[in-house]
file entry.pdb (PDB, C-alpha atoms)
MODEL        1
ATOM      1  CA  MET T   1       0.000   0.000   0.000  1.00  0.00           C
ATOM      2  CA  LEU T   2       2.731   2.475   0.962  1.00  0.00           C
ATOM      3  CA  GLN T   3       4.734   1.838  -2.203  1.00  0.00           C
ATOM      4  CA  SER T   4       1.617   2.250  -4.346  1.00  0.00           C
ATOM      5  CA  ARG T   5       0.797   5.514  -2.602  1.00  0.00           C
ATOM      6  CA  LEU T   6       4.305   6.888  -3.129  1.00  0.00           C
ATOM      7  CA  LEU T   7       4.267   6.031  -6.804  1.00  0.00           C
ATOM      8  CA  SER T   8       0.834   7.601  -7.188  1.00  0.00           C
ATOM      9  CA  LEU T   9       2.049  10.826  -5.581  1.00  0.00           C
ATOM     10  CA  ALA T  10       5.106  10.870  -7.828  1.00  0.00           C
ATOM     11  CA  ARG T  11       2.953  10.470 -10.920  1.00  0.00           C
ATOM     12  CA  VAL T  12       0.708  13.340  -9.875  1.00  0.00           C
ATOM     13  CA  GLY T  13       3.530  15.681  -8.844  1.00  0.00           C
ATOM     14  CA  LEU T  14       5.995  15.079 -11.659  1.00  0.00           C
ATOM     15  CA  SER T  15       5.924  17.604 -14.459  1.00  0.00           C
ATOM     16  CA  ARG T  16       6.759  16.608 -18.013  1.00  0.00           C
ATOM     17  CA  THR T  17       7.689  20.196 -18.785  1.00  0.00           C
ATOM     18  CA  LYS T  18      11.382  20.910 -19.210  1.00  0.00           C
ATOM     19  CA  TYR T  19      12.735  23.435 -16.734  1.00  0.00           C
ATOM     20  CA  THR T  20      14.616  26.311 -18.349  1.00  0.00           C
ATOM     21  CA  LEU T  21      17.084  28.940 -17.228  1.00  0.00           C
ATOM     22  CA  PRO T  22      15.250  32.273 -16.953  1.00  0.00           C
ATOM     23  CA  GLU T  23      16.761  35.294 -18.617  1.00  0.00           C
ATOM     24  CA  LEU T  24      17.960  38.034 -16.311  1.00  0.00           C
ATOM     25  CA  PRO T  25      15.803  41.183 -16.362  1.00  0.00           C
ATOM     26  CA  TYR T  26      19.011  43.245 -16.663  1.00  0.00           C
ATOM     27  CA  SER T  27      22.527  42.893 -18.072  1.00  0.00           C
ATOM     28  CA  TYR T  28      25.299  41.091 -16.216  1.00  0.00           C
ATOM     29  CA  ASP T  29      27.020  44.381 -15.371  1.00  0.00           C
ATOM     30  CA  ALA T  30      23.843  46.222 -14.340  1.00  0.00           C
ATOM     31  CA  LEU T  31      24.279  45.679 -10.597  1.00  0.00           C
ATOM     32  CA  GLU T  32      27.806  47.052 -10.437  1.00  0.00           C
ATOM     33  CA  PRO T  33      29.461  48.118  -8.209  1.00  0.00           C
ATOM     34  CA  VAL T  34      27.430  46.074  -5.709  1.00  0.00           C
ATOM     35  CA  VAL T  35      27.783  42.822  -7.660  1.00  0.00           C
ATOM     36  CA  ASN T  36      30.281  42.783 -10.505  1.00  0.00           C
ATOM     37  CA  ARG T  37      29.798  41.384 -13.987  1.00  0.00           C
ATOM     38  CA  ASP T  38      32.003  38.317 -13.510  1.00  0.00           C
ATOM     39  CA  ILE T  39      30.020  37.138 -10.489  1.00  0.00           C
ATOM     40  CA  MET T  40      26.671  37.695 -12.168  1.00  0.00           C
ATOM     41  CA  GLU T  41      27.677  35.936 -15.372  1.00  0.00           C
ATOM     42  CA  ILE T  42      29.144  32.897 -13.621  1.00  0.00           C
ATOM     43  CA  HIS T  43      26.365  32.759 -11.042  1.00  0.00           C
ATOM     44  CA  HIS T  44      23.608  32.852 -13.643  1.00  0.00           C
ATOM     45  CA  SER T  45      25.060  31.118 -16.707  1.00  0.00           C
ATOM     46  CA  LYS T  46      27.022  28.451 -14.830  1.00  0.00           C
ATOM     47  CA  HIS T  47      25.659  27.810 -11.341  1.00  0.00           C
ATOM     48  CA  HIS T  48      21.950  28.382 -11.961  1.00  0.00           C
ATOM     49  CA  ALA T  49      22.214  26.676 -15.327  1.00  0.00           C
ATOM     50  CA  THR T  50      23.704  23.608 -13.628  1.00  0.00           C
ATOM     51  CA  TYR T  51      20.785  23.410 -11.206  1.00  0.00           C
ATOM     52  CA  VAL T  52      18.391  23.508 -14.155  1.00  0.00           C
ATOM     53  CA  THR T  53      20.299  20.813 -16.054  1.00  0.00           C
ATOM     54  CA  ASN T  54      20.459  18.535 -13.025  1.00  0.00           C
ATOM     55  CA  LEU T  55      16.810  19.188 -12.158  1.00  0.00           C
ATOM     56  CA  ASN T  56      15.732  18.034 -15.622  1.00  0.00           C
ATOM     57  CA  ALA T  57      17.970  14.966 -15.348  1.00  0.00           C
ATOM     58  CA  THR T  58      16.499  14.133 -11.936  1.00  0.00           C
ATOM     59  CA  ALA T  59      12.958  14.573 -13.228  1.00  0.00           C
ATOM     60  CA  GLU T  60      13.695  12.142 -16.051  1.00  0.00           C
ATOM     61  CA  LYS T  61      15.084   9.586 -13.599  1.00  0.00           C
ATOM     62  CA  ILE T  62      12.012   9.948 -11.391  1.00  0.00           C
ATOM     63  CA  SER T  63       9.782   9.518 -14.416  1.00  0.00           C
ATOM     64  CA  ALA T  64      11.619   6.337 -15.373  1.00  0.00           C
ATOM     65  CA  ALA T  65      11.422   5.024 -11.806  1.00  0.00           C
ATOM     66  CA  VAL T  66       7.698   5.719 -11.673  1.00  0.00           C
ATOM     67  CA  ALA T  67       7.187   3.927 -14.993  1.00  0.00           C
ATOM     68  CA  GLU T  68       9.040   0.928 -13.546  1.00  0.00           C
ATOM     69  CA  GLY T  69       7.046   1.019 -10.324  1.00  0.00           C
ATOM     70  CA  ASN T  70      10.309   1.470  -8.396  1.00  0.00           C
ATOM     71  CA  SER T  71       9.304   3.433  -5.300  1.00  0.00           C
ATOM     72  CA  SER T  72      12.718   2.952  -3.670  1.00  0.00           C
ATOM     73  CA  ALA T  73      14.383   4.736  -6.585  1.00  0.00           C
ATOM     74  CA  VAL T  74      11.832   7.554  -6.386  1.00  0.00           C
ATOM     75  CA  ILE T  75      12.614   8.033  -2.697  1.00  0.00           C
ATOM     76  CA  GLY T  76      16.347   7.859  -3.360  1.00  0.00           C
ATOM     77  CA  LEU T  77      16.096  10.761  -5.802  1.00  0.00           C
ATOM     78  CA  HIS T  78      14.466  13.047  -3.247  1.00  0.00           C
ATOM     79  CA  GLY T  79      17.767  14.651  -2.241  1.00  0.00           C
ATOM     80  CA  ALA T  80      18.720  15.523  -5.805  1.00  0.00           C
ATOM     81  CA  LEU T  81      15.235  16.866  -6.480  1.00  0.00           C
ATOM     82  CA  LYS T  82      15.305  19.039  -3.348  1.00  0.00           C
ATOM     83  CA  PHE T  83      18.806  20.379  -4.013  1.00  0.00           C
ATOM     84  CA  ASN T  84      18.501  21.130  -7.715  1.00  0.00           C
ATOM     85  CA  GLY T  85      14.823  22.078  -7.601  1.00  0.00           C
ATOM     86  CA  GLY T  86      15.519  24.359  -4.669  1.00  0.00           C
ATOM     87  CA  GLY T  87      18.488  25.880  -6.473  1.00  0.00           C
ATOM     88  CA  HIS T  88      16.283  26.673  -9.448  1.00  0.00           C
ATOM     89  CA  ILE T  89      13.438  28.082  -7.333  1.00  0.00           C
ATOM     90  CA  ASN T  90      15.710  30.156  -5.108  1.00  0.00           C
ATOM     91  CA  HIS T  91      17.733  31.709  -7.901  1.00  0.00           C
ATOM     92  CA  SER T  92      14.660  32.472 -10.005  1.00  0.00           C
ATOM     93  CA  ILE T  93      13.380  34.554  -7.085  1.00  0.00           C
ATOM     94  CA  PHE T  94      16.810  36.060  -6.357  1.00  0.00           C
ATOM     95  CA  TRP T  95      17.320  37.559  -9.820  1.00  0.00           C
ATOM     96  CA  GLU T  96      13.954  39.310  -9.661  1.00  0.00           C
ATOM     97  CA  ASN T  97      14.598  40.484  -6.095  1.00  0.00           C
ATOM     98  CA  LEU T  98      17.482  42.585  -7.444  1.00  0.00           C
ATOM     99  CA  SER T  99      17.449  45.615  -9.709  1.00  0.00           C
ATOM    100  CA  PRO T 100      19.906  48.286 -10.884  1.00  0.00           C
ATOM    101  CA  ASN T 101      17.196  50.745  -9.804  1.00  0.00           C
ATOM    102  CA  GLY T 102      16.774  49.109  -6.408  1.00  0.00           C
ATOM    103  CA  GLY T 103      17.752  50.053  -2.904  1.00  0.00           C
ATOM    104  CA  GLY T 104      16.184  52.598  -0.608  1.00  0.00           C
ATOM    105  CA  LEU T 105      13.033  51.748   1.309  1.00  0.00           C
ATOM    106  CA  PRO T 106       9.902  49.783   0.487  1.00  0.00           C
ATOM    107  CA  THR T 107       6.624  51.677   0.508  1.00  0.00           C
ATOM    108  CA  GLY T 108       2.946  51.077   1.131  1.00  0.00           C
ATOM    109  CA  PRO T 109       1.583  47.961   2.828  1.00  0.00           C
ATOM    110  CA  LEU T 110       4.958  46.189   2.785  1.00  0.00           C
ATOM    111  CA  LEU T 111       6.692  48.979   4.700  1.00  0.00           C
ATOM    112  CA  ALA T 112       3.774  49.161   7.127  1.00  0.00           C
ATOM    113  CA  ALA T 113       4.018  45.399   7.740  1.00  0.00           C
ATOM    114  CA  ILE T 114       7.786  45.601   8.273  1.00  0.00           C
ATOM    115  CA  GLU T 115       7.400  48.423  10.784  1.00  0.00           C
ATOM    116  CA  ALA T 116       4.582  46.636  12.593  1.00  0.00           C
ATOM    117  CA  GLU T 117       6.564  43.391  12.875  1.00  0.00           C
ATOM    118  CA  PHE T 118      10.100  44.658  13.494  1.00  0.00           C
ATOM    119  CA  GLY T 119       9.670  48.193  14.854  1.00  0.00           C
ATOM    120  CA  SER T 120      11.348  49.999  11.964  1.00  0.00           C
ATOM    121  CA  PHE T 121      12.903  49.290   8.603  1.00  0.00           C
ATOM    122  CA  ASP T 122      16.387  49.741  10.054  1.00  0.00           C
ATOM    123  CA  GLN T 123      15.659  47.209  12.789  1.00  0.00           C
ATOM    124  CA  PHE T 124      14.362  44.753  10.195  1.00  0.00           C
ATOM    125  CA  LYS T 125      17.397  45.271   7.985  1.00  0.00           C
ATOM    126  CA  ALA T 126      19.787  44.747  10.889  1.00  0.00           C
ATOM    127  CA  LYS T 127      17.987  41.606  12.042  1.00  0.00           C
ATOM    128  CA  MET T 128      17.812  40.036   8.584  1.00  0.00           C
ATOM    129  CA  SER T 129      21.427  40.937   7.848  1.00  0.00           C
ATOM    130  CA  ALA T 130      22.600  39.367  11.101  1.00  0.00           C
ATOM    131  CA  ALA T 131      20.634  36.172  10.499  1.00  0.00           C
ATOM    132  CA  THR T 132      21.899  35.895   6.933  1.00  0.00           C
ATOM    133  CA  ILE T 133      25.520  36.545   7.816  1.00  0.00           C
ATOM    134  CA  ALA T 134      25.286  33.890  10.543  1.00  0.00           C
ATOM    135  CA  VAL T 135      24.264  31.094   8.134  1.00  0.00           C
ATOM    136  CA  GLN T 136      26.777  28.301   8.642  1.00  0.00           C
ATOM    137  CA  GLY T 137      28.380  27.148   5.422  1.00  0.00           C
ATOM    138  CA  SER T 138      26.152  27.764   2.412  1.00  0.00           C
ATOM    139  CA  GLY T 139      22.534  28.839   2.391  1.00  0.00           C
ATOM    140  CA  TRP T 140      20.051  31.671   2.195  1.00  0.00           C
ATOM    141  CA  GLY T 141      18.563  34.406   4.328  1.00  0.00           C
ATOM    142  CA  TRP T 142      14.866  35.056   3.721  1.00  0.00           C
ATOM    143  CA  LEU T 143      12.053  37.430   4.439  1.00  0.00           C
ATOM    144  CA  GLY T 144       8.835  35.471   4.157  1.00  0.00           C
ATOM    145  CA  VAL T 145       5.202  35.797   5.098  1.00  0.00           C
ATOM    146  CA  ASN T 146       3.164  33.236   6.996  1.00  0.00           C
ATOM    147  CA  PRO T 147       0.116  32.576   4.791  1.00  0.00           C
ATOM    148  CA  GLU T 148      -2.072  31.818   7.809  1.00  0.00           C
ATOM    149  CA  SER T 149      -1.123  34.568  10.253  1.00  0.00           C
ATOM    150  CA  LYS T 150      -0.208  37.042   7.463  1.00  0.00           C
ATOM    151  CA  ARG T 151       2.806  38.067   9.539  1.00  0.00           C
ATOM    152  CA  LEU T 152       6.300  38.621   8.206  1.00  0.00           C
ATOM    153  CA  GLN T 153       9.099  36.357   9.387  1.00  0.00           C
ATOM    154  CA  ILE T 154      12.853  36.189   8.893  1.00  0.00           C
ATOM    155  CA  ALA T 155      14.210  32.706   8.275  1.00  0.00           C
ATOM    156  CA  THR T 156      17.343  30.996   7.015  1.00  0.00           C
ATOM    157  CA  CYS T 157      17.674  27.828   4.970  1.00  0.00           C
ATOM    158  CA  ALA T 158      20.705  25.624   4.517  1.00  0.00           C
ATOM    159  CA  ASN T 159      22.153  24.777   1.122  1.00  0.00           C
ATOM    160  CA  GLN T 160      19.446  25.149  -1.540  1.00  0.00           C
ATOM    161  CA  ASP T 161      16.489  24.190   0.651  1.00  0.00           C
ATOM    162  CA  PRO T 162      13.515  26.178  -0.694  1.00  0.00           C
ATOM    163  CA  LEU T 163      11.808  28.402   1.867  1.00  0.00           C
ATOM    164  CA  HIS T 164       8.190  27.424   1.271  1.00  0.00           C
ATOM    165  CA  ALA T 165       8.792  23.674   1.189  1.00  0.00           C
ATOM    166  CA  THR T 166      11.031  23.921   4.263  1.00  0.00           C
ATOM    167  CA  THR T 167       9.103  26.339   6.495  1.00  0.00           C
ATOM    168  CA  GLY T 168       5.704  26.963   4.916  1.00  0.00           C
ATOM    169  CA  LEU T 169       6.526  30.652   4.502  1.00  0.00           C
ATOM    170  CA  ALA T 170       5.868  32.364   1.183  1.00  0.00           C
ATOM    171  CA  PRO T 171       9.222  33.761  -0.040  1.00  0.00           C
ATOM    172  CA  LEU T 172       9.433  37.514  -0.518  1.00  0.00           C
ATOM    173  CA  LEU T 173      13.141  38.396  -0.427  1.00  0.00           C
ATOM    174  CA  GLY T 174      16.113  36.051  -0.511  1.00  0.00           C
ATOM    175  CA  ILE T 175      19.820  36.740  -0.026  1.00  0.00           C
ATOM    176  CA  ASP T 176      22.146  34.081  -1.408  1.00  0.00           C
ATOM    177  CA  VAL T 177      25.171  33.486   0.819  1.00  0.00           C
ATOM    178  CA  TRP T 178      26.751  30.650  -1.094  1.00  0.00           C
ATOM    179  CA  GLU T 179      30.327  31.766  -1.720  1.00  0.00           C
ATOM    180  CA  HIS T 180      29.792  31.712  -5.486  1.00  0.00           C
ATOM    181  CA  ALA T 181      27.418  34.672  -4.983  1.00  0.00           C
ATOM    182  CA  TYR T 182      30.123  36.974  -3.666  1.00  0.00           C
ATOM    183  CA  TYR T 183      33.614  35.461  -3.272  1.00  0.00           C
ATOM    184  CA  LEU T 184      35.181  36.799  -6.481  1.00  0.00           C
ATOM    185  CA  GLN T 185      34.443  40.328  -5.318  1.00  0.00           C
ATOM    186  CA  TYR T 186      34.153  40.254  -1.535  1.00  0.00           C
ATOM    187  CA  LYS T 187      36.504  37.332  -0.797  1.00  0.00           C
ATOM    188  CA  ASN T 188      35.573  35.851   2.588  1.00  0.00           C
ATOM    189  CA  VAL T 189      34.015  39.051   3.939  1.00  0.00           C
ATOM    190  CA  ARG T 190      30.380  37.954   3.881  1.00  0.00           C
ATOM    191  CA  PRO T 191      29.138  40.863   6.050  1.00  0.00           C
ATOM    192  CA  GLU T 192      30.341  43.416   3.474  1.00  0.00           C
ATOM    193  CA  TYR T 193      28.454  41.584   0.717  1.00  0.00           C
ATOM    194  CA  VAL T 194      25.245  41.274   2.732  1.00  0.00           C
ATOM    195  CA  ASN T 195      25.346  44.927   3.798  1.00  0.00           C
ATOM    196  CA  SER T 196      25.930  45.987   0.175  1.00  0.00           C
ATOM    197  CA  ILE T 197      23.196  43.871  -1.410  1.00  0.00           C
ATOM    198  CA  TRP T 198      20.518  46.079   0.152  1.00  0.00           C
ATOM    199  CA  ASN T 199      21.523  48.795  -2.316  1.00  0.00           C
ATOM    200  CA  VAL T 200      20.093  46.794  -5.218  1.00  0.00           C
ATOM    201  CA  VAL T 201      17.032  45.189  -3.597  1.00  0.00           C
ATOM    202  CA  ASN T 202      14.028  45.490  -5.892  1.00  0.00           C
ATOM    203  CA  TRP T 203      11.355  46.519  -3.408  1.00  0.00           C
ATOM    204  CA  GLU T 204       8.693  46.652  -6.120  1.00  0.00           C
ATOM    205  CA  ASP T 205       9.209  42.941  -6.727  1.00  0.00           C
ATOM    206  CA  VAL T 206       9.200  42.160  -2.995  1.00  0.00           C
ATOM    207  CA  ALA T 207       6.004  44.181  -2.543  1.00  0.00           C
ATOM    208  CA  ALA T 208       4.326  42.387  -5.440  1.00  0.00           C
ATOM    209  CA  ARG T 209       5.187  39.016  -3.876  1.00  0.00           C
ATOM    210  CA  TYR T 210       3.807  40.218  -0.551  1.00  0.00           C
ATOM    211  CA  ALA T 211       0.538  41.343  -2.132  1.00  0.00           C
ATOM    212  CA  LYS T 212       0.192  38.034  -3.998  1.00  0.00           C
ATOM    213  CA  ALA T 213       0.862  36.015  -0.850  1.00  0.00           C
ATOM    214  CA  LEU T 214      -1.922  37.869   0.974  1.00  0.00           C
ATOM    215  CA  SER T 215      -4.470  37.539  -1.832  1.00  0.00           C
TER     216      SER T 215
ENDMDL
END

call {"tool": "encode", "arguments": {"input": "entry.pdb", "output": "structure tokens"}}
result
Amino acid sequence: MLQSRLLSLARVGLSRTKYTLPELPYSYDALEPVVNRDIMEIHHSKHHATYVTNLNATAEKISAAVAEGNSSAVIGLHGALKFNGGGHINHSIFWENLSPNGGGLPTGPLLAAIEAEFGSFDQFKAKMSAATIAVQGSGWGWLGVNPESKRLQIATCANQDPLHATTGLAPLLGIDVWEHAYYLQYKNVRPEYVNSIWNVVNWEDVAARYAKALS
């Protein structure tokens, strides 16, 4: 019964659509001097592209395992699906969270929610920066919203674990602290990178995600 149920879930959840690398909404050098061209080009065209390639390969293996009725193989591929699927999800959000016209403060309902939850924007920024900088090894710092309570929360995720699947929070703003996101420019000084990234945060995108999560 359990094996049949697992295979049934895999059949329902597996998409036949090929995952693709999204185009950036700006040029590779558009975020300079905060993030230089070399980092953006390698991060997008190499690292994110690899997650997409491996996600498609994993999906094909799961499809083959489902066709064979091999529930053990489906379970065994969970780690690869989580890592590469999470890498694709996280980076697709990250690119849109940034803009050459970003920085400054959010406005409207998002700013009001930040002030209500954290006291002020500066307090929020300091708290999220500290949590993100403190991520051990590789991972992400996130601002998310709880879809039930409608309250904002700061969270961190290890490796490429996707926020929603890991915590239930709807992702609004993510900061990538894998070394490939900053090392070529900031070396091992993660705090300098995190403090700088706020200057290119696309608050319009974050606000749109917040509004959608509440709808």

call {"tool": "residues_around", "arguments": {"input": "entry.pdb", "residues": "Tyr210 in chain T", "least_positions_apart": "5", "cutoff": "8 Å", "atoms": "only C-alpha atoms", "output": "list in words"}}
result
Leu110, Val145 and Leu172 of chain T

call {"tool": "closest_residue", "arguments": {"input": "entry.pdb", "among": "T:Ile93, T:Ile133, T:Val74, T:Leu24", "to": "Ala170 in chain T", "atoms": "only C-alpha atoms"}}
result
T:Ile93

call {"tool": "resolve_selection", "arguments": {"input": "entry.pdb", "expression": "the PyMOL selection byres ((chain T and resi 107) around 12)", "output": "list in words"}}
result
Gly103, Gly104, Leu105, Pro106, Gly108, Pro109, Leu110, Leu111, Ala112, Ala113, Ile114, Glu115, Phe121, Asn202, Trp203, Glu204, Asp205, Val206, Ala207, Ala208 and Tyr210 of chain T

call {"tool": "write_last_selection", "arguments": {"input": "entry.pdb", "atoms": "C-alpha atoms", "output": "PDB file, in the frame of the given file"}}
result
ATOM      1  CA  GLY T 103      17.752  50.053  -2.904  1.00  0.00           C
ATOM      2  CA  GLY T 104      16.184  52.598  -0.608  1.00  0.00           C
ATOM      3  CA  LEU T 105      13.033  51.748   1.309  1.00  0.00           C
ATOM      4  CA  PRO T 106       9.902  49.783   0.487  1.00  0.00           C
ATOM      5  CA  GLY T 108       2.946  51.077   1.131  1.00  0.00           C
ATOM      6  CA  PRO T 109       1.583  47.961   2.828  1.00  0.00           C
ATOM      7  CA  LEU T 110       4.958  46.189   2.785  1.00  0.00           C
ATOM      8  CA  LEU T 111       6.692  48.979   4.700  1.00  0.00           C
ATOM      9  CA  ALA T 112       3.774  49.161   7.127  1.00  0.00           C
ATOM     10  CA  ALA T 113       4.018  45.399   7.740  1.00  0.00           C
ATOM     11  CA  ILE T 114       7.786  45.601   8.273  1.00  0.00           C
ATOM     12  CA  GLU T 115       7.400  48.423  10.784  1.00  0.00           C
ATOM     13  CA  PHE T 121      12.903  49.290   8.603  1.00  0.00           C
ATOM     14  CA  ASN T 202      14.028  45.490  -5.892  1.00  0.00           C
ATOM     15  CA  TRP T 203      11.355  46.519  -3.408  1.00  0.00           C
ATOM     16  CA  GLU T 204       8.693  46.652  -6.120  1.00  0.00           C
ATOM     17  CA  ASP T 205       9.209  42.941  -6.727  1.00  0.00           C
ATOM     18  CA  VAL T 206       9.200  42.160  -2.995  1.00  0.00           C
ATOM     19  CA  ALA T 207       6.004  44.181  -2.543  1.00  0.00           C
ATOM     20  CA  ALA T 208       4.326  42.387  -5.440  1.00  0.00           C
ATOM     21  CA  TYR T 210       3.807  40.218  -0.551  1.00  0.00           C
TER      22      TYR T 210
END

call {"tool": "axis_aligned_box", "arguments": {"input": "entry.pdb", "around": "range 155-158 of chain T", "padding_each_side": "5 Å", "output": "lines of an AutoDock Vina configuration file"}}
result
center_x = 17.5
center_y = 29.2
center_z = 6.4
size_x = 16.5
size_y = 17.1
size_z = 13.8

call {"tool": "atom_distance", "arguments": {"input": "entry.pdb", "atom1": "CA of Thr167 in chain T", "atom2": "CA of Ala131 in chain T"}}
result
15.7 Å

call {"tool": "resolve_selection", "arguments": {"input": "entry.pdb", "expression": "the PyMOL selection byres ((chain T and resi 199) around 8)", "output": "list of chain:residue names"}}
result
T:Val34, T:Gly102, T:Gly103, T:Gly104, T:Ser196, T:Ile197, T:Trp198, T:Val200, T:Val201

call {"tool": "write_last_selection", "arguments": {"input": "entry.pdb", "atoms": "C-alpha atoms", "output": "mmCIF file, in the coordinates of the input"}}
result
data_model
loop_
_atom_site.group_PDB
_atom_site.id
_atom_site.type_symbol
_atom_site.label_atom_id
_atom_site.label_comp_id
_atom_site.auth_asym_id
_atom_site.auth_seq_id
_atom_site.Cartn_x
_atom_site.Cartn_y
_atom_site.Cartn_z
ATOM 1 C CA VAL T 34 27.430 46.074 -5.709
ATOM 2 C CA GLY T 102 16.774 49.109 -6.408
ATOM 3 C CA GLY T 103 17.752 50.053 -2.904
ATOM 4 C CA GLY T 104 16.184 52.598 -0.608
ATOM 5 C CA SER T 196 25.930 45.987 0.175
ATOM 6 C CA ILE T 197 23.196 43.871 -1.410
ATOM 7 C CA TRP T 198 20.518 46.079 0.152
ATOM 8 C CA VAL T 200 20.093 46.794 -5.218
ATOM 9 C CA VAL T 201 17.032 45.189 -3.597
#

call {"tool": "decode", "arguments": {"input": "entry.pdb", "residues": "range 175-189 of chain T", "atoms": "N, CA and C atoms", "output": "CSV table (one decimal), in the first residue's frame"}}
result
chain,number,residue,atom,x,y,z
T,175,ILE,N,18.4,36.3,0.1
T,175,ILE,CA,19.8,36.7,0.0
T,175,ILE,C,20.7,35.5,-0.1
T,176,ASP,N,21.3,35.3,-1.2
T,176,ASP,CA,22.1,34.1,-1.4
T,176,ASP,C,23.5,34.3,-0.7
T,177,VAL,N,23.8,33.4,0.2
T,177,VAL,CA,25.2,33.5,0.8
T,177,VAL,C,26.0,32.3,0.6
T,178,TRP,N,25.8,31.6,-0.6
T,178,TRP,CA,26.8,30.7,-1.1
T,178,TRP,C,27.9,31.5,-1.5
T,179,GLU,N,29.2,31.0,-1.4
T,179,GLU,CA,30.3,31.8,-1.7
T,179,GLU,C,30.4,32.2,-3.2
T,180,HIS,N,29.8,31.4,-4.1
T,180,HIS,CA,29.8,31.7,-5.5
T,180,HIS,C,29.0,33.0,-5.8
T,181,ALA,N,28.2,33.4,-4.8
T,181,ALA,CA,27.4,34.7,-5.0
T,181,ALA,C,28.2,35.9,-4.7
T,182,TYR,N,29.4,35.8,-4.1
T,182,TYR,CA,30.1,37.0,-3.7
T,182,TYR,C,31.6,36.8,-3.6
T,183,TYR,N,32.2,35.6,-3.6
T,183,TYR,CA,33.6,35.5,-3.3
T,183,TYR,C,34.6,36.2,-4.2
T,184,LEU,N,34.3,36.2,-5.5
T,184,LEU,CA,35.2,36.8,-6.5
T,184,LEU,C,35.4,38.3,-6.2
T,185,GLN,N,34.4,38.9,-5.6
T,185,GLN,CA,34.4,40.3,-5.3
T,185,GLN,C,34.7,40.7,-3.8
T,186,TYR,N,34.1,39.9,-3.0
T,186,TYR,CA,34.2,40.3,-1.5
T,186,TYR,C,35.1,39.3,-0.7
T,187,LYS,N,35.7,38.3,-1.4
T,187,LYS,CA,36.5,37.3,-0.8
T,187,LYS,C,35.7,36.6,0.3
T,188,ASN,N,36.3,36.5,1.5
T,188,ASN,CA,35.6,35.9,2.6
T,188,ASN,C,34.8,36.8,3.5
T,189,VAL,N,34.6,38.0,3.1
T,189,VAL,CA,34.0,39.1,3.9
T,189,VAL,C,32.5,39.1,3.7
